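Reviewing the structure listed below.
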There are 2 protein chains.
Amino acid sequence: MELRHLRYFVAVAEELHFGRAATRLRIAQPPLSRQIRDLEREIGTPLFERVPRGVELTAAGSAFLPEARLTLAQAERAQRSAQRAAGGETGRLRVGFVEAATHSGILPDVLGFFRQHLPSVGLSLFELDPVRQADAFRDGRIDLGILHGPPLDADRWLRVETIYTEPVVLAVPRSHRLAGRVRFTLGGLATESFVMFPRAVAPAMYDDLVARCRSAGFSPRIVQEAAGWHTLVSLVGAGVGLGFVPRSLTTAQQHGAAYRTMRDLSVHMTLAAAWKSGERSPVRERFVMALRAVAGARAR
Amino acid sequence: MELRHLRYFVAVAEELHFGRAATRLRIAQPPLSRQIRDLEREIGTPLFERVPRGVELTAAGSAFLPEARLTLAQAERAQRSAQRAAGGETGRLRVGFVEAATHSGILPDVLGFFRQHLPSVGLSLFELDPVRQADAFRDGRIDLGILHGPPLDADRWLRVETIYTEPVVLAVPRSHRLAGRVRFTLGGLATESFVMFPRAVAPAMYDDLVARCRSAGFSPRIVQEAAGWHTLVSLVGAGVGLGFVPRSLTTAQQHGAAYRTMRDLSVHMTLAAAWKSGERSPVRERFVMALRAVAGARAR
DNA sequence: TTCGGCGATACCTTTCGGGTCTGGCGCAAT
DNA sequence: ATTGCGCCAGACCCGAAAGGTATCGCCGAA
């Protein structure tokens, strides 16, 4: 039995007339008769009773008709289901992300977009620092990561695409002697203490900052490491030292710390999307597209 | 898309290996590859990802697999459904029947049989005298009738098959002068009054009784007609006259009436099944078979 | 009685499912 | 590095089966 038999049967059952059914099916009447005969033979019982004015459904035919319709409908549903999955309109995506993905607004915007336009995609979210994201990729626990550029041990197996950049600003304790100043230059910070994020969190940004300091003639004295931007700003607020942070953090005011733009510091924090190379995933692709779109809109 | 594609797809999805799937399907590997390729082309997206050790399901394939299984299952269900209907194991039957079908025990037995062995057959029951049954047949309100032989105007369009016969006995008022007698002969009843059923209810039986009386030398004096055996016996009990009734009525004792077997009266009440000739109905055939079986068992 | 409508049959054409042989690719073992 | 093997895909052929045309037989209506 093939779907063709069911399609033909339904047509004849609806027309109760081989000729009209054949016309509707765009075939000639004899082959239709034969297909129906074959179907009846396979099922083992007549489905139609041939009467002078056309045909009538037998009891078996009447029972078969709704089931045949259901089968055809189910076949179409199967096809659509595959197409929707291929289009990334359905499925599941496990996303690991760093803190900055949240406070930059990128991740919330993308989540809103998915909830609105792709509601049948299941998203699982995990806040993980880049090191844990790399582990999670290796263990197959996440499908996509949002982090600050390639992690330290990213080989070829991880594709990384920069999504978004944001200027770095300086966080200054309000109690600091420089807090009154408006215009900062890197050269004036040679003797200061710094609170810094771990290099593994954002190696490129870290190296970039250190290199700039070197160019300005000094090596930054790092008195404290802090995992997490908010923690870092807290420490700055407590007077431990100065800190470099992405600009979007300034919206989350922390008493005790002020933010200053530096004229000669063009270092940026980057957010990048990462996924296992070689793996196709329509949902992931839609997610990355959404990331690009959201970041693009935000940059404007 | 045909069911073949789905069958092949499911096999490959389960084996994750074209060669093994082909073996299972009893075909060679290249045609299988081609069918899958055609399916993928029709759906518009790859369902498998070809990897060195075999194949893996893509997101679309994963979504397609359960739906394809459902489709195949539904197709089988359709086929079984038709077969069960053809075998009379499912469907609906509207049965018209006369009173005697009940008190003879035939109809209750058949209903019990259906409830036990063919529970998914829907039976609709209508107690109708033979005249109303003929009307109901004409209007297409019943599919089967149980009555006393062919109705008066039964042409060729009604097939009638005798199912069961039962001797006729004499109902005598206890107050009657003959009530003390045990042995009755027809000849001794020439001067009696009779309560009789309408001829249309059971023409053959009616004519038979009258003919026997004629043979015995008299024409029965019918003082009252009564539609329904119980009514008839009531009238006999009330002393209106004697009455001929099927023997199974004797189990329903009626005060005021006694039953006597007649030595020289071999008239029988018959129950017959009737249906529109030329119409096939597996359920009806099962029902008639059950009627025959039940009546046969009861005759023993 | 003839005529028209309808499904079935006979027979031919064409499409396509399935077979064999072979090629290409990637991994593993030597 | 090279060879061998496993696996899927492509090329090509054959036969089965789907679809087309012509025609028949049947039945009801005129």
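Each chain in the structure tokens gets a letter, A, B and so on, in the order shown; residues start at 1 in every chain, and ligands are counted from 1 in the order they appear.
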Residues of chain B within 8 Å of chain D, only C-alpha atoms (C1' of nucleotides) counted, as an NGL selection string: :B and (18-19 or 30 or 33 or 50 or 52-54)
Same residues, N, CA and C atoms, output as an mmCIF file, in the first residue's frame:
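Heads up, here's the output in result.cif:
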```cif
data_model
loop_
_atom_site.group_PDB
_atom_site.id
_atom_site.type_symbol
_atom_site.label_atom_id
_atom_site.label_comp_id
_atom_site.auth_asym_id
_atom_site.auth_seq_id
_atom_site.Cartn_x
_atom_site.Cartn_y
_atom_site.Cartn_z
ATOM 1 N N PHE B 18 23.285 2.907 5.949
ATOM 2 C CA PHE B 18 22.551 2.562 4.731
ATOM 3 C C PHE B 18 22.631 1.069 4.428
ATOM 4 N N GLY B 19 23.820 0.502 4.596
ATOM 5 C CA GLY B 19 23.991 -0.908 4.243
ATOM 6 C C GLY B 19 23.095 -1.813 5.072
ATOM 7 N N PRO B 30 22.418 0.856 -3.075
ATOM 8 C CA PRO B 30 22.271 2.044 -3.943
ATOM 9 C C PRO B 30 20.826 2.506 -4.150
ATOM 10 N N SER B 33 19.799 4.420 -1.184
ATOM 11 C CA SER B 33 20.387 5.763 -1.190
ATOM 12 C C SER B 33 19.576 6.697 -2.086
ATOM 13 N N ARG B 50 25.821 12.739 6.381
ATOM 14 C CA ARG B 50 26.713 11.623 6.079
ATOM 15 C C ARG B 50 28.020 11.829 6.825
ATOM 16 N N PRO B 52 31.683 9.736 8.496
ATOM 17 C CA PRO B 52 32.545 8.619 8.119
ATOM 18 C C PRO B 52 32.014 7.242 8.532
ATOM 19 N N ARG B 53 31.482 7.121 9.736
ATOM 20 C CA ARG B 53 31.069 5.790 10.212
ATOM 21 C C ARG B 53 29.656 5.400 9.785
ATOM 22 N N GLY B 54 28.986 6.259 9.079
ATOM 23 C CA GLY B 54 27.608 5.970 8.695
ATOM 24 C C GLY B 54 26.852 7.261 8.486
#
```
Near chain A, meaning an atom within 12 Å, which residues of chain C appear when counting only C-alpha atoms (C1' of nucleotides)? Write them as a ChimeraX atom specification. /C:4-10
Next, dump the selected residues to file, keeping only N, CA and C atoms (P, O5', C5', C4', C3', O3' and C1' of nucleotides), as a compact mmCIF listing (two decimals), in the first residue's frame.
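part_3.txt, written as the output of this step:
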```txt
# COMPACT_ATOMS: atom_id res chain seq x y z
P DG C 4 -26.48 8.65 -28.32
O5' DG C 4 -26.14 8.90 -26.79
C5' DG C 4 -27.20 9.23 -25.89
C4' DG C 4 -26.75 8.93 -24.47
C3' DG C 4 -25.28 9.28 -24.19
O3' DG C 4 -25.19 9.88 -22.91
C1' DG C 4 -25.67 7.01 -23.67
P DG C 5 -23.88 10.65 -22.47
O5' DG C 5 -23.58 9.97 -21.07
C5' DG C 5 -24.66 9.75 -20.16
C4' DG C 5 -24.24 8.71 -19.15
C3' DG C 5 -22.81 8.89 -18.63
O3' DG C 5 -22.81 8.70 -17.23
C1' DG C 5 -23.08 6.72 -19.49
P DC C 6 -21.55 9.15 -16.35
O5' DC C 6 -20.92 7.76 -15.95
C5' DC C 6 -21.71 6.79 -15.27
C4' DC C 6 -20.97 5.49 -15.22
C3' DC C 6 -19.46 5.63 -14.92
O3' DC C 6 -19.14 4.85 -13.79
C1' DC C 6 -19.84 4.19 -16.76
P DG C 7 -17.81 5.16 -13.00
O5' DG C 7 -17.18 3.71 -12.93
C5' DG C 7 -17.99 2.62 -12.50
C4' DG C 7 -17.51 1.34 -13.14
C3' DG C 7 -16.02 1.04 -12.93
O3' DG C 7 -15.90 -0.27 -12.40
C1' DG C 7 -16.58 0.89 -15.23
P DA C 8 -14.46 -0.95 -12.25
O5' DA C 8 -14.37 -1.81 -13.59
C5' DA C 8 -15.35 -2.81 -13.86
C4' DA C 8 -14.88 -3.75 -14.95
C3' DA C 8 -13.46 -4.29 -14.79
O3' DA C 8 -13.44 -5.64 -15.22
C1' DA C 8 -13.60 -3.04 -16.80
P DT C 9 -12.09 -6.49 -15.07
O5' DT C 9 -11.55 -6.61 -16.56
C5' DT C 9 -12.46 -6.84 -17.63
C4' DT C 9 -11.74 -6.77 -18.97
C3' DT C 9 -10.29 -7.28 -18.98
O3' DT C 9 -10.15 -8.22 -20.03
C1' DT C 9 -10.41 -5.15 -19.99
P DA C 10 -8.77 -9.02 -20.22
O5' DA C 10 -8.14 -8.24 -21.47
C5' DA C 10 -8.96 -7.88 -22.58
C4' DA C 10 -8.10 -7.28 -23.69
C3' DA C 10 -6.65 -7.76 -23.72
O3' DA C 10 -6.23 -7.90 -25.07
C1' DA C 10 -6.69 -5.42 -23.42
```
Within 8 Å of Thr71 (chain A), counting only C-alpha atoms (C1' of nucleotides), which residues qualify if same-chain residues fewer than 6 places away don't, as a list in words?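 Those residues are Thr71, Leu72, Gln74, Ala75 and Ala78 of chain B.
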Using only C-alpha atoms, I'd like a table of the residues in chain A that come within 7 Å of chain B; for each, show the closest atom pair and its distance in Å rounded to one decimal, ordered by chain and ascending number, as JSON lines.
```
{"residue": "A:Glu2", "atom": "CA", "partner": "B:Leu3", "partner_atom": "CA", "distance": 5.1}
{"residue": "A:Leu3", "atom": "CA", "partner": "B:Glu2", "partner_atom": "CA", "distance": 5.0}
{"residue": "A:Arg4", "atom": "CA", "partner": "B:Glu2", "partner_atom": "CA", "distance": 6.8}
{"residue": "A:Ile43", "atom": "CA", "partner": "B:Gln79", "partner_atom": "CA", "distance": 6.2}
{"residue": "A:Thr45", "atom": "CA", "partner": "B:Ala86", "partner_atom": "CA", "distance": 6.5}
{"residue": "A:Ala59", "atom": "CA", "partner": "B:Ala85", "partner_atom": "CA", "distance": 6.0}
{"residue": "A:Ala60", "atom": "CA", "partner": "B:Ala82", "partner_atom": "CA", "distance": 4.4}
{"residue": "A:Gly61", "atom": "CA", "partner": "B:Ala82", "partner_atom": "CA", "distance": 6.4}
{"residue": "A:Ala63", "atom": "CA", "partner": "B:Ala82", "partner_atom": "CA", "distance": 5.4}
{"residue": "A:Phe64", "atom": "CA", "partner": "B:Ala82", "partner_atom": "CA", "distance": 4.9}
{"residue": "A:Glu67", "atom": "CA", "partner": "B:Ala78", "partner_atom": "CA", "distance": 4.7}
{"residue": "A:Ala68", "atom": "CA", "partner": "B:Ala78", "partner_atom": "CA", "distance": 5.9}
{"residue": "A:Thr71", "atom": "CA", "partner": "B:Gln74", "partner_atom": "CA", "distance": 5.4}
{"residue": "A:Gln74", "atom": "CA", "partner": "B:Thr71", "partner_atom": "CA", "distance": 5.4}
{"residue": "A:Ala75", "atom": "CA", "partner": "B:Thr71", "partner_atom": "CA", "distance": 5.6}
{"residue": "A:Ala78", "atom": "CA", "partner": "B:Glu67", "partner_atom": "CA", "distance": 4.7}
{"residue": "A:Gln79", "atom": "CA", "partner": "B:Ile43", "partner_atom": "CA", "distance": 6.2}
{"residue": "A:Ser81", "atom": "CA", "partner": "B:Ala63", "partner_atom": "CA", "distance": 6.1}
{"residue": "A:Ala82", "atom": "CA", "partner": "B:Ala60", "partner_atom": "CA", "distance": 4.4}
{"residue": "A:Gln83", "atom": "CA", "partner": "B:Ala60", "partner_atom": "CA", "distance": 6.5}
{"residue": "A:Ala85", "atom": "CA", "partner": "B:Ala60", "partner_atom": "CA", "distance": 4.8}
{"residue": "A:Ala86", "atom": "CA", "partner": "B:Ala60", "partner_atom": "CA", "distance": 4.9}
{"residue": "A:Ser281", "atom": "CA", "partner": "B:Ala59", "partner_atom": "CA", "distance": 6.6}
```
From the list B:Gly239, B:Asp38, B:Arg247, B:Arg24, which residue is nearest DC16 (chain C) when using only C-alpha atoms (C1' of nucleotides)? B:Asp38
Show which residues sit within 9 Å of region 208-222 of chain A, as a PDB file with C-alpha atoms, in the first residue's frame. Count only C-alpha atoms (C1' of nucleotides), and ignore same-chain residues fewer than 4 positions away.
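Contents of around.pdb, as written:
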```
ATOM      1  CA  LEU A 186      46.347  56.221  29.845  1.00  0.00           C
ATOM      2  CA  GLY A 187      49.686  57.883  30.493  1.00  0.00           C
ATOM      3  CA  GLY A 188      48.417  59.363  33.722  1.00  0.00           C
ATOM      4  CA  LEU A 189      47.682  55.963  35.234  1.00  0.00           C
ATOM      5  CA  ALA A 190      51.185  54.550  35.353  1.00  0.00           C
ATOM      6  CA  THR A 191      51.386  54.469  39.143  1.00  0.00           C
ATOM      7  CA  GLU A 192      47.849  53.308  39.813  1.00  0.00           C
ATOM      8  CA  SER A 193      46.590  49.974  41.163  1.00  0.00           C
ATOM      9  CA  PHE A 194      44.182  47.966  39.037  1.00  0.00           C
ATOM     10  CA  VAL A 195      41.435  45.420  39.579  1.00  0.00           C
ATOM     11  CA  MET A 196      41.451  43.114  36.580  1.00  0.00           C
ATOM     12  CA  PRO A 203      42.147  36.947  26.530  1.00  0.00           C
ATOM     13  CA  ALA A 204      42.137  39.336  23.584  1.00  0.00           C
ATOM     14  CA  GLY A 241      41.952  50.103  42.527  1.00  0.00           C
ATOM     15  CA  PHE A 244      38.538  48.573  32.946  1.00  0.00           C
ATOM     16  CA  LEU A 265      41.841  54.164  24.948  1.00  0.00           C
ATOM     17  CA  VAL A 267      40.032  49.013  23.467  1.00  0.00           C
ATOM     18  CA  HIS A 268      36.726  47.231  23.022  1.00  0.00           C
TER      19      HIS A 268
END
```
Please give the complete set of residues from region 91-213 of chain B that DSSP, run on the backbone, assigns to helix (DSSP H, G or I), formatted as a PyMOL selection string. chain B and resi 99-103+106-117+130-139+186-189+199-201+203-213
For those residues, write N, CA and C atoms to a file as a short mmCIF file (atom, residue, chain, number, x, y, z; two decimals), in the first residue's frame.
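Final output, out-v9.cif:
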```
data_model
loop_
_atom_site.label_atom_id
_atom_site.label_comp_id
_atom_site.auth_asym_id
_atom_site.auth_seq_id
_atom_site.Cartn_x
_atom_site.Cartn_y
_atom_site.Cartn_z
N GLU B 99 -42.25 -8.88 18.69
CA GLU B 99 -42.28 -9.26 20.10
C GLU B 99 -41.72 -10.66 20.33
N ALA B 100 -42.08 -11.59 19.44
CA ALA B 100 -41.71 -12.98 19.65
C ALA B 100 -40.20 -13.18 19.63
N ALA B 101 -39.47 -12.27 18.95
CA ALA B 101 -38.01 -12.39 18.93
C ALA B 101 -37.46 -12.26 20.35
N THR B 102 -38.15 -11.51 21.16
CA THR B 102 -37.71 -11.34 22.54
C THR B 102 -38.08 -12.54 23.40
N HIS B 103 -39.36 -12.89 23.44
CA HIS B 103 -39.74 -13.91 24.40
C HIS B 103 -39.35 -15.31 23.97
N ILE B 106 -34.45 -15.73 21.34
CA ILE B 106 -33.50 -15.64 20.22
C ILE B 106 -32.75 -14.31 20.24
N LEU B 107 -33.49 -13.21 20.28
CA LEU B 107 -32.84 -11.91 20.22
C LEU B 107 -31.93 -11.66 21.43
N PRO B 108 -32.39 -11.92 22.66
CA PRO B 108 -31.49 -11.72 23.79
C PRO B 108 -30.19 -12.50 23.65
N ASP B 109 -30.28 -13.74 23.19
CA ASP B 109 -29.07 -14.53 23.03
C ASP B 109 -28.12 -13.90 22.02
N VAL B 110 -28.67 -13.42 20.91
CA VAL B 110 -27.81 -12.82 19.88
C VAL B 110 -27.17 -11.54 20.42
N LEU B 111 -27.94 -10.78 21.16
CA LEU B 111 -27.37 -9.55 21.72
C LEU B 111 -26.22 -9.88 22.67
N GLY B 112 -26.43 -10.92 23.48
CA GLY B 112 -25.35 -11.33 24.39
C GLY B 112 -24.11 -11.75 23.62
N PHE B 113 -24.35 -12.50 22.54
CA PHE B 113 -23.22 -12.93 21.71
C PHE B 113 -22.46 -11.73 21.15
N PHE B 114 -23.19 -10.76 20.63
CA PHE B 114 -22.52 -9.59 20.05
C PHE B 114 -21.78 -8.80 21.12
N ARG B 115 -22.42 -8.64 22.27
CA ARG B 115 -21.77 -7.86 23.32
C ARG B 115 -20.46 -8.53 23.73
N GLN B 116 -20.46 -9.85 23.69
CA GLN B 116 -19.27 -10.55 24.14
C GLN B 116 -18.19 -10.65 23.05
N HIS B 117 -18.61 -10.99 21.83
CA HIS B 117 -17.61 -11.28 20.80
C HIS B 117 -17.37 -10.15 19.82
N PRO B 130 -44.50 -6.35 11.86
CA PRO B 130 -44.00 -6.59 10.49
C PRO B 130 -44.39 -5.51 9.51
N VAL B 131 -45.56 -4.92 9.66
CA VAL B 131 -45.97 -3.87 8.72
C VAL B 131 -45.05 -2.67 8.84
N ARG B 132 -44.83 -2.26 10.09
CA ARG B 132 -43.93 -1.13 10.29
C ARG B 132 -42.50 -1.46 9.85
N GLN B 133 -42.12 -2.72 9.99
CA GLN B 133 -40.78 -3.11 9.53
C GLN B 133 -40.66 -2.92 8.02
N ALA B 134 -41.70 -3.31 7.31
CA ALA B 134 -41.65 -3.13 5.86
C ALA B 134 -41.49 -1.65 5.51
N ASP B 135 -42.24 -0.80 6.21
CA ASP B 135 -42.10 0.64 5.98
C ASP B 135 -40.68 1.10 6.30
N ALA B 136 -40.19 0.63 7.45
CA ALA B 136 -38.85 1.05 7.88
C ALA B 136 -37.80 0.63 6.86
N PHE B 137 -37.97 -0.54 6.27
CA PHE B 137 -37.05 -0.97 5.22
C PHE B 137 -37.10 -0.01 4.04
N ARG B 138 -38.32 0.30 3.62
CA ARG B 138 -38.47 1.18 2.47
C ARG B 138 -37.82 2.54 2.72
N ASP B 139 -37.97 3.04 3.95
CA ASP B 139 -37.40 4.35 4.27
C ASP B 139 -35.93 4.29 4.63
N LEU B 186 -58.39 -30.40 17.30
CA LEU B 186 -58.96 -29.26 16.60
C LEU B 186 -60.46 -29.45 16.37
N GLY B 187 -60.82 -30.69 16.09
CA GLY B 187 -62.22 -30.97 15.78
C GLY B 187 -63.18 -30.58 16.90
N GLY B 188 -62.70 -30.61 18.11
CA GLY B 188 -63.57 -30.28 19.23
C GLY B 188 -63.78 -28.80 19.45
N LEU B 189 -63.19 -27.96 18.59
CA LEU B 189 -63.24 -26.51 18.81
C LEU B 189 -64.15 -25.78 17.83
N ARG B 199 -53.86 -10.68 10.59
CA ARG B 199 -53.23 -11.54 9.59
C ARG B 199 -51.89 -10.98 9.13
N ALA B 200 -51.79 -9.63 9.05
CA ALA B 200 -50.56 -9.04 8.53
C ALA B 200 -49.36 -9.33 9.42
N VAL B 201 -49.62 -9.66 10.70
CA VAL B 201 -48.50 -9.92 11.61
C VAL B 201 -47.77 -11.20 11.20
N PRO B 203 -48.77 -13.72 8.19
CA PRO B 203 -49.74 -14.22 7.22
C PRO B 203 -49.70 -15.74 7.06
N ALA B 204 -48.52 -16.30 6.97
CA ALA B 204 -48.41 -17.74 6.72
C ALA B 204 -49.02 -18.52 7.87
N MET B 205 -48.66 -18.10 9.09
CA MET B 205 -49.17 -18.79 10.26
C MET B 205 -50.69 -18.64 10.36
N TYR B 206 -51.14 -17.46 10.05
CA TYR B 206 -52.58 -17.19 10.09
C TYR B 206 -53.32 -18.10 9.10
N ASP B 207 -52.83 -18.08 7.88
CA ASP B 207 -53.48 -18.88 6.84
C ASP B 207 -53.42 -20.36 7.20
N ASP B 208 -52.28 -20.76 7.75
CA ASP B 208 -52.09 -22.15 8.13
C ASP B 208 -53.14 -22.58 9.16
N LEU B 209 -53.31 -21.74 10.18
CA LEU B 209 -54.27 -22.05 11.24
C LEU B 209 -55.69 -22.15 10.67
N VAL B 210 -56.03 -21.17 9.84
CA VAL B 210 -57.38 -21.18 9.28
C VAL B 210 -57.59 -22.42 8.42
N ALA B 211 -56.56 -22.77 7.63
CA ALA B 211 -56.67 -23.94 6.77
C ALA B 211 -56.85 -25.21 7.60
N ARG B 212 -56.14 -25.32 8.70
CA ARG B 212 -56.29 -26.50 9.55
C ARG B 212 -57.72 -26.60 10.10
N CYS B 213 -58.22 -25.47 10.51
CA CYS B 213 -59.59 -25.47 11.02
C CYS B 213 -60.55 -25.94 9.94
#
```
Between CA of Arg94 (chain A) and CA of Pro198 (chain A), measure the distance and give it in Å to one decimal.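 Interatomic distance, CA of Arg94 (chain A) to CA of Pro198 (chain A): 25.2 Å.
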Quick one: pick out all strand (DSSP E) residues within region 155-233 of chain A from a backbone DSSP run and write them as a VMD selection string. chain A and resid 158 to 173 193 to 196 221 to 225
What does the distance from CA of Ala273 (chain B) to CA of Ala290 (chain B) come to in Å, to one decimal?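 Rounded to one decimal, the two atoms are 11.2 Å apart.
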Length of the CA of Ser120 (chain A) to CA of Phe287 (chain A) vector [Å]: 13.3 Å
Quick one: of B:Phe197, B:Trp275, B:Phe48, B:Phe184, who's nearest to Trp157 (chain B), counting only C-alpha atoms?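 So, comparing all the options, the nearest one is B:Trp275.
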Give me the residues near Val172 (chain A) as a compact mmCIF listing (two decimals) with N, CA and C atoms, in the first residue's frame, where near means some atom within 10 Å (using only C-alpha atoms (C1' of nucleotides)) and where sequence neighbours in that chain fewer than 3 positions away do not count.
```
# COMPACT_ATOMS: atom_id res chain seq x y z
N VAL A 169 35.48 51.38 29.30
CA VAL A 169 35.63 52.63 30.07
C VAL A 169 36.38 52.31 31.36
N SER A 175 36.24 57.79 45.91
CA SER A 175 37.16 58.28 46.95
C SER A 175 38.55 58.56 46.37
N HIS A 176 38.74 58.20 45.10
CA HIS A 176 40.08 58.28 44.53
C HIS A 176 40.46 59.73 44.25
N ARG A 177 41.74 60.02 44.33
CA ARG A 177 42.21 61.39 44.11
C ARG A 177 41.92 61.87 42.70
N LEU A 178 41.74 60.93 41.74
CA LEU A 178 41.48 61.34 40.37
C LEU A 178 39.99 61.44 40.05
N ALA A 179 39.14 61.10 41.05
CA ALA A 179 37.71 61.01 40.78
C ALA A 179 37.12 62.31 40.26
N GLY A 180 37.73 63.42 40.63
CA GLY A 180 37.22 64.70 40.18
C GLY A 180 37.50 64.98 38.72
N PHE A 194 45.31 48.39 39.88
CA PHE A 194 44.18 47.97 39.04
C PHE A 194 43.52 46.71 39.57
N VAL A 233 33.46 45.83 39.76
CA VAL A 233 33.09 47.21 40.05
C VAL A 233 32.93 47.41 41.56
N VAL A 236 36.26 48.02 42.89
CA VAL A 236 36.67 49.39 42.55
C VAL A 236 36.00 50.38 43.50
N GLY A 237 34.70 50.18 43.70
CA GLY A 237 33.94 51.05 44.59
C GLY A 237 34.51 51.03 46.01
N ALA A 238 35.05 49.89 46.38
CA ALA A 238 35.62 49.78 47.72
C ALA A 238 37.00 50.40 47.79
N GLY A 239 37.49 50.92 46.65
CA GLY A 239 38.76 51.61 46.66
C GLY A 239 39.97 50.73 46.44
N VAL A 240 39.74 49.49 45.99
CA VAL A 240 40.88 48.58 45.80
C VAL A 240 41.77 49.05 44.66
N GLY A 241 41.15 49.64 43.64
CA GLY A 241 41.95 50.10 42.53
C GLY A 241 41.06 50.58 41.40
N LEU A 242 41.67 50.89 40.27
CA LEU A 242 40.91 51.25 39.08
C LEU A 242 40.58 49.99 38.30
N GLY A 243 39.60 50.09 37.43
CA GLY A 243 39.26 48.90 36.64
C GLY A 243 38.76 49.26 35.26
N PHE A 244 39.07 48.41 34.29
CA PHE A 244 38.54 48.57 32.95
C PHE A 244 37.28 47.71 32.80
N GLY A 256 29.92 54.27 45.09
CA GLY A 256 31.35 54.16 45.39
C GLY A 256 32.22 54.11 44.15
N ALA A 257 31.58 53.88 42.96
CA ALA A 257 32.39 53.84 41.74
C ALA A 257 31.81 54.79 40.70
N ALA A 258 32.70 55.45 40.00
CA ALA A 258 32.28 56.31 38.90
C ALA A 258 32.93 55.80 37.62
N TYR A 259 32.36 56.16 36.46
CA TYR A 259 32.89 55.69 35.19
C TYR A 259 33.42 56.88 34.40
N ARG A 260 34.54 56.67 33.78
CA ARG A 260 35.13 57.73 32.97
C ARG A 260 35.53 57.19 31.62
```
